[in-house]
file protein_0.txt (compact mmCIF, C-alpha atoms)
# COMPACT_ATOMS: atom_id res chain seq x y z
CA ASP V 1 100.15 87.81 110.84
CA GLY V 2 96.99 89.42 112.14
CA GLY V 3 94.72 91.06 109.63
CA ILE V 4 91.56 91.10 107.58
CA THR V 5 91.07 89.04 104.46
CA GLN V 6 88.48 89.59 101.78
CA SER V 7 87.88 87.23 98.94
CA PRO V 8 87.80 87.26 96.06
CA LYS V 9 89.63 90.40 94.92
CA TYR V 10 87.47 90.67 91.79
CA LEU V 11 83.97 89.28 91.35
CA PHE V 12 81.71 89.31 88.31
CA ARG V 13 78.02 88.51 88.37
CA LYS V 14 75.02 88.72 86.09
CA GLU V 15 72.21 91.07 86.99
CA GLY V 16 69.54 89.37 89.07
CA GLN V 17 71.92 87.06 90.92
CA ASN V 18 72.70 87.29 94.61
CA VAL V 19 76.38 87.28 95.53
CA THR V 20 78.14 86.87 98.87
CA LEU V 21 81.39 88.64 99.72
CA SER V 22 83.63 87.07 102.31
CA CYS V 23 85.34 88.89 105.22
CA GLU V 24 87.46 87.20 107.87
CA GLN V 25 89.57 88.75 110.63
CA ASN V 26 91.99 87.28 113.14
CA LEU V 27 92.54 90.46 115.14
CA ASN V 28 90.14 89.32 117.87
CA HIS V 29 88.05 92.43 117.24
CA ASP V 30 84.46 92.46 118.38
CA ALA V 31 83.17 94.96 115.82
CA MET V 32 83.04 94.52 112.06
CA TYR V 33 81.82 96.79 109.27
CA TRP V 34 80.98 96.80 105.57
CA TYR V 35 81.46 99.86 103.37
CA ARG V 36 81.14 100.55 99.70
CA GLN V 37 83.19 103.05 97.76
CA ASP V 38 82.10 104.56 94.46
CA PRO V 39 84.27 106.82 92.27
CA GLY V 40 84.64 110.28 93.80
CA GLN V 41 82.78 109.20 96.91
CA GLY V 42 83.87 108.54 100.44
CA LEU V 43 83.23 105.30 102.22
CA ARG V 44 79.56 104.70 102.93
CA LEU V 45 78.54 102.33 105.72
CA ILE V 46 76.31 99.42 104.70
CA TYR V 47 76.06 97.31 107.86
CA TYR V 48 77.98 96.93 111.10
CA SER V 49 78.11 94.44 113.93
CA GLN V 50 79.46 95.11 117.39
CA ILE V 51 78.97 91.60 118.72
CA VAL V 52 78.27 88.09 117.47
CA ASN V 53 74.66 87.43 116.43
CA ASP V 54 73.87 91.14 116.34
CA PHE V 55 74.14 93.71 113.55
CA GLN V 56 72.71 97.09 112.58
CA LYS V 57 71.93 98.83 109.34
CA GLY V 58 74.25 101.59 108.23
CA ASP V 59 73.44 104.45 105.92
CA ILE V 60 72.84 102.43 102.73
CA ALA V 61 71.62 98.98 103.83
CA GLU V 62 68.87 98.56 101.22
CA GLY V 63 69.54 95.59 98.94
CA TYR V 64 72.16 94.08 101.26
CA SER V 65 72.10 91.47 104.02
CA VAL V 66 74.68 90.24 106.53
CA SER V 67 75.18 87.58 109.19
CA ARG V 68 77.51 87.39 112.18
CA GLU V 69 77.54 83.80 113.40
CA LYS V 70 81.21 83.86 114.36
CA LYS V 71 83.41 86.59 115.78
CA GLU V 72 85.90 86.17 112.94
CA SER V 73 83.48 86.30 110.04
CA PHE V 74 81.06 88.90 108.65
CA PRO V 75 79.85 87.95 105.15
CA LEU V 76 77.90 90.43 103.04
CA THR V 77 75.27 89.36 100.52
CA VAL V 78 74.48 91.72 97.69
CA THR V 79 70.96 90.85 96.62
CA SER V 80 69.22 91.39 93.31
CA ALA V 81 67.27 94.19 95.03
CA GLN V 82 70.38 96.39 95.15
CA LYS V 83 69.91 98.80 92.25
CA ASN V 84 73.56 99.73 91.67
CA PRO V 85 75.66 96.86 92.99
CA THR V 86 78.81 97.54 90.96
CA ALA V 87 81.28 99.06 93.45
CA PHE V 88 84.37 98.49 95.55
CA TYR V 89 83.41 96.80 98.83
CA LEU V 90 85.51 97.16 101.95
CA CYS V 91 85.31 95.23 105.19
CA ALA V 92 86.76 96.59 108.42
CA SER V 93 87.05 95.65 112.07
CA SER V 94 87.75 97.43 115.33
CA LYS V 95 87.76 97.01 119.07
CA SER V 96 84.43 97.91 120.61
CA THR V 97 85.77 99.04 123.97
CA GLY V 98 88.46 101.45 125.04
CA SER V 99 89.34 104.93 123.89
CA SER V 100 90.60 104.32 120.39
CA TYR V 101 88.32 104.08 117.42
CA GLU V 102 90.61 102.97 114.65
CA GLN V 103 89.11 100.63 112.12
CA TYR V 104 91.36 98.28 110.20
CA PHE V 105 90.44 97.52 106.62
CA GLY V 106 90.75 94.54 104.35
CA PRO V 107 92.05 94.81 100.77
CA GLY V 108 88.55 95.10 99.29
CA THR V 109 86.50 93.25 96.68
CA ARG V 110 85.66 94.84 93.33
CA LEU V 111 82.19 93.64 92.32
CA THR V 112 81.04 94.11 88.75
CA VAL V 113 77.45 93.27 87.84
CA THR V 114 76.45 93.24 84.17
CA ASP O 1 73.67 115.95 104.71
CA GLN O 2 77.42 115.55 104.60
CA GLN O 3 78.74 115.75 108.15
CA VAL O 4 82.41 115.45 107.22
CA LYS O 5 83.64 117.51 104.30
CA GLN O 6 86.88 117.53 102.40
CA ASN O 7 86.41 120.43 100.05
CA SER O 8 89.57 119.93 98.00
CA PRO O 9 89.24 116.91 95.70
CA SER O 10 92.92 117.10 94.84
CA LEU O 11 96.22 118.66 95.91
CA SER O 12 99.58 118.70 94.17
CA VAL O 13 102.88 119.49 95.96
CA GLN O 14 106.58 119.21 95.26
CA GLU O 15 108.68 116.57 96.96
CA GLY O 16 110.22 117.90 100.17
CA ARG O 17 107.56 120.58 100.70
CA ILE O 18 104.68 120.54 103.15
CA SER O 19 101.32 118.98 102.25
CA ILE O 20 98.29 120.32 104.10
CA LEU O 21 95.02 118.44 103.80
CA ASN O 22 91.91 119.98 105.27
CA CYS O 23 88.68 118.62 106.71
CA ASP O 24 85.59 120.32 108.12
CA TYR O 25 82.80 118.78 110.14
CA THR O 26 79.33 119.93 111.09
CA ASN O 27 78.37 117.60 113.94
CA SER O 28 79.57 119.09 117.25
CA MET O 29 79.07 115.69 118.90
CA PHE O 30 82.08 114.26 117.06
CA ASP O 31 84.91 113.79 119.53
CA TYR O 32 87.44 111.59 117.77
CA PHE O 33 88.98 112.17 114.38
CA LEU O 34 91.10 109.98 112.14
CA TRP O 35 93.02 110.20 108.89
CA TYR O 36 93.34 107.28 106.50
CA LYS O 37 95.48 106.86 103.40
CA LYS O 38 94.25 104.82 100.46
CA TYR O 39 95.95 103.56 97.32
CA PRO O 40 93.82 102.52 94.31
CA ALA O 41 92.21 99.08 94.60
CA GLU O 42 93.40 98.67 98.20
CA GLY O 43 91.83 99.12 101.60
CA PRO O 44 92.49 102.33 103.55
CA THR O 45 95.29 102.26 106.10
CA PHE O 46 95.08 104.16 109.36
CA LEU O 47 97.53 107.08 109.62
CA ILE O 48 96.90 109.18 112.68
CA SER O 49 94.09 110.20 115.01
CA ILE O 50 93.23 112.90 117.51
CA SER O 51 90.83 113.13 120.40
CA SER O 52 88.78 116.28 120.92
CA ILE O 53 90.58 116.90 124.22
CA LYS O 54 93.75 117.66 122.25
CA ASP O 55 94.53 120.21 119.57
CA LYS O 56 97.57 118.53 118.07
CA ASN O 57 98.94 115.05 117.59
CA GLU O 58 102.21 114.21 115.91
CA ASP O 59 103.62 110.98 114.52
CA GLY O 60 106.83 111.27 112.54
CA ARG O 61 106.20 113.27 109.38
CA PHE O 62 102.45 113.45 110.08
CA THR O 63 100.77 116.00 112.33
CA VAL O 64 97.05 116.49 112.82
CA PHE O 65 95.69 119.77 114.13
CA LEU O 66 92.19 120.18 115.53
CA ASN O 67 90.35 123.49 115.87
CA LYS O 68 87.12 122.65 117.69
CA SER O 69 85.69 126.15 117.59
CA ALA O 70 86.01 126.18 113.80
CA LYS O 71 85.07 122.48 113.48
CA HIS O 72 88.15 122.05 111.36
CA LEU O 73 91.07 119.67 111.29
CA SER O 74 94.10 119.43 109.08
CA LEU O 75 96.78 116.89 108.31
CA HIS O 76 100.30 118.17 107.71
CA ILE O 77 102.88 115.99 105.99
CA VAL O 78 106.46 117.26 106.22
CA PRO O 79 108.49 116.61 104.16
CA SER O 80 106.25 115.21 101.45
CA GLN O 81 107.53 112.19 99.54
CA PRO O 82 106.38 110.69 96.23
CA GLY O 83 105.21 107.59 98.13
CA ASP O 84 102.71 109.79 99.96
CA SER O 85 100.73 110.13 96.73
CA ALA O 86 97.35 108.60 97.55
CA VAL O 87 93.80 109.52 98.50
CA TYR O 88 93.48 110.77 102.08
CA PHE O 89 90.23 110.36 103.96
CA CYS O 90 89.20 112.24 107.05
CA ALA O 91 86.82 110.39 109.41
CA ALA O 92 85.00 111.25 112.63
CA SER O 93 83.35 109.37 115.48
CA ARG O 94 81.26 110.36 118.47
CA GLY O 95 81.12 109.08 121.99
CA SER O 96 81.11 105.36 122.49
CA ASN O 97 79.57 104.85 119.06
CA TYR O 98 82.32 103.23 117.04
CA LYS O 99 80.82 104.11 113.70
CA LEU O 100 82.98 106.34 111.53
CA THR O 101 81.71 109.01 109.19
CA PHE O 102 84.07 109.58 106.27
CA GLY O 103 84.70 112.54 104.02
CA LYS O 104 84.94 112.06 100.26
CA GLY O 105 88.72 112.17 100.23
CA THR O 106 91.50 114.33 98.78
CA LEU O 107 93.86 112.99 96.14
CA LEU O 108 97.41 114.05 97.03
CA THR O 109 100.05 113.98 94.32
CA VAL O 110 103.65 114.55 95.35
CA ASN O 111 105.82 115.40 92.35
CA PRO O 112 109.51 114.41 92.34

call {"tool": "encode", "arguments": {"input": "protein_0.txt", "output": "structure tokens"}}
result
Amino acid sequence: DGGITQSPKYLFRKEGQNVTLSCEQNLNHDAMYWYRQDPGQGLRLIYYSQIVNDFQKGDIAEGYSVSREKKESFPLTVTSAQKNPTAFYLCASSKSTGSSYEQYFGPGTRLTVT
Amino acid sequence: DQQVKQNSPSLSVQEGRISILNCDYTNSMFDYFLWYKKYPAEGPTFLISISSIKDKNEDGRFTVFLNKSAKHLSLHIVPSQPGDSAVYFCAASRGSNYKLTFGKGTLLTVNP
């Protein structure tokens, strides 16, 4: 089955530690995205990548880093510089050509930092 | 500045009736609009979309209407079912830029 996997579902870390969230897709999509969702908020874009070895900052990139070494994978690192890291993190992917813009989402990772 | 607005945080309807979820946008460059449905602790799932060259798109029980002059779109669900209870997000995109801008969502509750 084609889809997007995120692991783990729940992640707990101590303040001051970096943590990396995994995102893998087998949809053969060129573009991948990271969002965070906070209670009562929409989805806010952290980083996105439209092609391997290239990525751009989204609206709230501070305190985060990404890499895109493979088409299938787009890991997100939440660094100790991120002031409010506790959130629900969502990875998505989409085609980067054509006339449809649908993004397909993974199941999300709930990160709790104490 | 919030470019996509969903002004109703919540909506409650009876099973079998129509649910109407509304979305307003401010950026006139947006030309593609999408609706997503999200259950708690899960990723959003794509429901339906509409291009700015159309004013209506229908898929089963779901219809999206676009009023470009008012910068307004709405999602109609007929008939509403209890399984439709979820948060619905409106999103918009412009041109060949595949980034999506999301609204804050509307929690729909369909009562049996």

call {"tool": "closest_residue", "arguments": {"input": "protein_0.txt", "among": "V:Gln6, V:Gln50, V:Gln41, V:Ser73", "to": "chain O", "atoms": "all atoms listed in the file"}}
result
V:Gln41

call {"tool": "interface_residues", "arguments": {"input": "protein_0.txt", "of": "chain O", "to": "chain V", "cutoff": "6 Å", "atoms": "all atoms listed in the file", "output": "list in words"}}
result
Glu42, Gly43, Phe102, Gly103 and Lys104 of chain O

call {"tool": "atom_distance", "arguments": {"input": "protein_0.txt", "atom1": "atom CA of O:Leu34", "atom2": "atom CA of O:Ala91"}}
result
5.1 Å

call {"tool": "atom_distance", "arguments": {"input": "protein_0.txt", "atom1": "atom CA of O:Tyr36", "atom2": "atom CA of O:His76"}}
result
13.0 Å

call {"tool": "atom_distance", "arguments": {"input": "protein_0.txt", "atom1": "atom CA of O:Phe62", "atom2": "atom CA of O:Ile48"}}
result
7.5 Å

call {"tool": "closest_residue", "arguments": {"input": "protein_0.txt", "among": "O:Ser93, O:Leu11, O:Pro82, O:Lys37", "to": "O:Val110", "atoms": "all atoms listed in the file"}}
result
O:Pro82

call {"tool": "closest_residue", "arguments": {"input": "protein_0.txt", "among": "O:Lys5, O:Arg61, O:Lys56, O:Lys38", "to": "O:Ser19", "atoms": "all atoms listed in the file"}}
result
O:Arg61

call {"tool": "residues_near_point", "arguments": {"input": "protein_0.txt", "point": "(77.3, 96.4, 114.0)", "cutoff": "10 Å", "atoms": "all atoms listed in the file", "output": "PyMOL selection string"}}
result
(chain V and resi 30-34+46-58+68+74+93+96) or (chain O and resi 98-99)

call {"tool": "residues_near_point", "arguments": {"input": "protein_0.txt", "point": "(96.5, 113.6, 98.6)", "cutoff": "10 Å", "atoms": "only C-alpha atoms", "output": "mmCIF file with C-alpha atoms, keeping the file's coordinate frame"}}
result
data_model
loop_
_atom_site.group_PDB
_atom_site.id
_atom_site.type_symbol
_atom_site.label_atom_id
_atom_site.label_comp_id
_atom_site.auth_asym_id
_atom_site.auth_seq_id
_atom_site.Cartn_x
_atom_site.Cartn_y
_atom_site.Cartn_z
ATOM 1 C CA SER O 8 89.570 119.930 98.000
ATOM 2 C CA PRO O 9 89.240 116.910 95.700
ATOM 3 C CA SER O 10 92.920 117.100 94.840
ATOM 4 C CA LEU O 11 96.220 118.660 95.910
ATOM 5 C CA SER O 12 99.580 118.700 94.170
ATOM 6 C CA VAL O 13 102.880 119.490 95.960
ATOM 7 C CA SER O 19 101.320 118.980 102.250
ATOM 8 C CA ILE O 20 98.290 120.320 104.100
ATOM 9 C CA LEU O 21 95.020 118.440 103.800
ATOM 10 C CA LYS O 37 95.480 106.860 103.400
ATOM 11 C CA LYS O 38 94.250 104.820 100.460
ATOM 12 C CA ASP O 84 102.710 109.790 99.960
ATOM 13 C CA SER O 85 100.730 110.130 96.730
ATOM 14 C CA ALA O 86 97.350 108.600 97.550
ATOM 15 C CA VAL O 87 93.800 109.520 98.500
ATOM 16 C CA TYR O 88 93.480 110.770 102.080
ATOM 17 C CA PHE O 89 90.230 110.360 103.960
ATOM 18 C CA GLY O 105 88.720 112.170 100.230
ATOM 19 C CA THR O 106 91.500 114.330 98.780
ATOM 20 C CA LEU O 107 93.860 112.990 96.140
ATOM 21 C CA LEU O 108 97.410 114.050 97.030
ATOM 22 C CA THR O 109 100.050 113.980 94.320
ATOM 23 C CA VAL O 110 103.650 114.550 95.350
#

call {"tool": "residues_around", "arguments": {"input": "protein_0.txt", "residues": "O:Asp55", "least_positions_apart": "6", "cutoff": "7 Å", "atoms": "all atoms listed in the file", "output": "list in words"}}
result
Phe65, Leu66 and Asn67 of chain O

call {"tool": "closest_residue", "arguments": {"input": "protein_0.txt", "among": "O:Ser51, O:Ile77, O:Gln3, O:Thr26", "to": "O:Thr63", "atoms": "all atoms listed in the file"}}
result
O:Ile77

call {"tool": "residues_around", "arguments": {"input": "protein_0.txt", "residues": "O:Ser28", "least_positions_apart": "5", "cutoff": "9 Å", "atoms": "only C-alpha atoms", "output": "ChimeraX atom specification"}}
result
/O:68,71,94

call {"tool": "closest_residue", "arguments": {"input": "protein_0.txt", "among": "V:Cys23, V:Leu111, V:Ala61, V:Leu11", "to": "V:Ala87", "atoms": "all atoms listed in the file"}}
result
V:Leu111

call {"tool": "axis_aligned_box", "arguments": {"input": "protein_0.txt", "around": "stretch 78-95 of chain O", "padding_each_side": "6 Å", "output": "lines of an AutoDock Vina configuration file"}}
result
center_x = 94.8
center_y = 112.4
center_z = 109.1
size_x = 39.4
size_y = 21.7
size_z = 37.8

call {"tool": "build_atoms", "arguments": {"input": "protein_0.txt", "residues": "stretch 84-110 of chain O", "atoms": "N, CA, C and O atoms", "output": "compact mmCIF listing (two decimals), keeping the file's coordinate frame"}}
result
# COMPACT_ATOMS: atom_id res chain seq x y z
N ASP O 84 103.90 109.29 99.25
CA ASP O 84 102.71 109.79 99.96
C ASP O 84 101.55 110.01 99.00
O ASP O 84 100.43 110.27 99.44
N SER O 85 101.79 109.92 97.72
CA SER O 85 100.73 110.13 96.73
C SER O 85 99.65 109.07 96.91
O SER O 85 99.91 107.87 96.76
N ALA O 86 98.47 109.51 97.24
CA ALA O 86 97.35 108.60 97.55
C ALA O 86 96.12 109.46 97.81
O ALA O 86 96.18 110.69 97.79
N VAL O 87 94.99 108.81 98.05
CA VAL O 87 93.80 109.52 98.50
C VAL O 87 93.78 109.50 100.02
O VAL O 87 94.00 108.45 100.64
N TYR O 88 93.53 110.66 100.63
CA TYR O 88 93.48 110.77 102.08
C TYR O 88 92.05 111.05 102.51
O TYR O 88 91.41 111.98 102.03
N PHE O 89 91.58 110.21 103.43
CA PHE O 89 90.23 110.36 103.96
C PHE O 89 90.28 110.84 105.39
O PHE O 89 91.04 110.32 106.22
N CYS O 90 89.44 111.78 105.70
CA CYS O 90 89.20 112.24 107.05
C CYS O 90 87.97 111.49 107.56
O CYS O 90 87.02 111.24 106.79
N ALA O 91 87.97 111.09 108.84
CA ALA O 91 86.82 110.39 109.41
C ALA O 91 86.58 110.89 110.83
O ALA O 91 87.51 111.38 111.49
N ALA O 92 85.36 110.76 111.30
CA ALA O 92 85.00 111.25 112.63
C ALA O 92 84.09 110.26 113.33
O ALA O 92 83.31 109.54 112.69
N SER O 93 84.17 110.26 114.66
CA SER O 93 83.35 109.37 115.48
C SER O 93 82.83 110.15 116.68
O SER O 93 83.40 111.18 117.05
N ARG O 94 81.77 109.66 117.29
CA ARG O 94 81.26 110.36 118.47
C ARG O 94 80.95 109.41 119.61
O ARG O 94 80.38 108.35 119.41
N GLY O 95 81.40 109.81 120.77
CA GLY O 95 81.12 109.08 121.99
C GLY O 95 81.57 107.65 121.92
O GLY O 95 82.60 107.32 121.35
N SER O 96 80.77 106.78 122.47
CA SER O 96 81.11 105.36 122.49
C SER O 96 80.61 104.65 121.24
O SER O 96 80.71 103.44 121.13
N ASN O 97 80.04 105.43 120.32
CA ASN O 97 79.57 104.85 119.06
C ASN O 97 80.78 104.69 118.16
O ASN O 97 81.41 105.66 117.77
N TYR O 98 81.11 103.47 117.80
CA TYR O 98 82.32 103.23 117.04
C TYR O 98 82.14 103.37 115.54
O TYR O 98 83.04 103.07 114.78
N LYS O 99 81.00 103.84 115.13
CA LYS O 99 80.82 104.11 113.70
C LYS O 99 81.68 105.29 113.29
O LYS O 99 81.84 106.24 114.05
N LEU O 100 82.22 105.23 112.09
CA LEU O 100 82.98 106.34 111.53
C LEU O 100 82.21 106.96 110.39
O LEU O 100 81.61 106.25 109.59
N THR O 101 82.26 108.28 110.33
CA THR O 101 81.71 109.01 109.19
C THR O 101 82.87 109.56 108.40
O THR O 101 83.72 110.27 108.95
N PHE O 102 82.93 109.22 107.11
CA PHE O 102 84.07 109.58 106.27
C PHE O 102 83.74 110.77 105.38
O PHE O 102 82.61 110.95 104.91
N GLY O 103 84.79 111.56 105.09
CA GLY O 103 84.70 112.54 104.02
C GLY O 103 84.91 111.86 102.68
O GLY O 103 85.15 110.66 102.61
N LYS O 104 84.83 112.65 101.60
CA LYS O 104 84.94 112.06 100.26
C LYS O 104 86.38 111.86 99.81
O LYS O 104 86.62 111.25 98.79
N GLY O 105 87.32 112.40 100.55
CA GLY O 105 88.72 112.17 100.23
C GLY O 105 89.36 113.28 99.42
O GLY O 105 88.69 114.04 98.71
N THR O 106 90.69 113.39 99.57
CA THR O 106 91.50 114.33 98.78
C THR O 106 92.64 113.54 98.15
O THR O 106 93.36 112.83 98.86
N LEU O 107 92.77 113.65 96.84
CA LEU O 107 93.86 112.99 96.14
C LEU O 107 95.12 113.85 96.23
O LEU O 107 95.15 114.96 95.70
N LEU O 108 96.14 113.34 96.91
CA LEU O 108 97.41 114.05 97.03
C LEU O 108 98.39 113.48 96.02
O LEU O 108 98.58 112.26 95.94
N THR O 109 99.00 114.37 95.25
CA THR O 109 100.05 113.98 94.32
C THR O 109 101.31 114.71 94.71
O THR O 109 101.32 115.95 94.77
N VAL O 110 102.36 113.96 94.99
CA VAL O 110 103.65 114.55 95.35
C VAL O 110 104.58 114.34 94.16
O VAL O 110 104.92 113.21 93.80
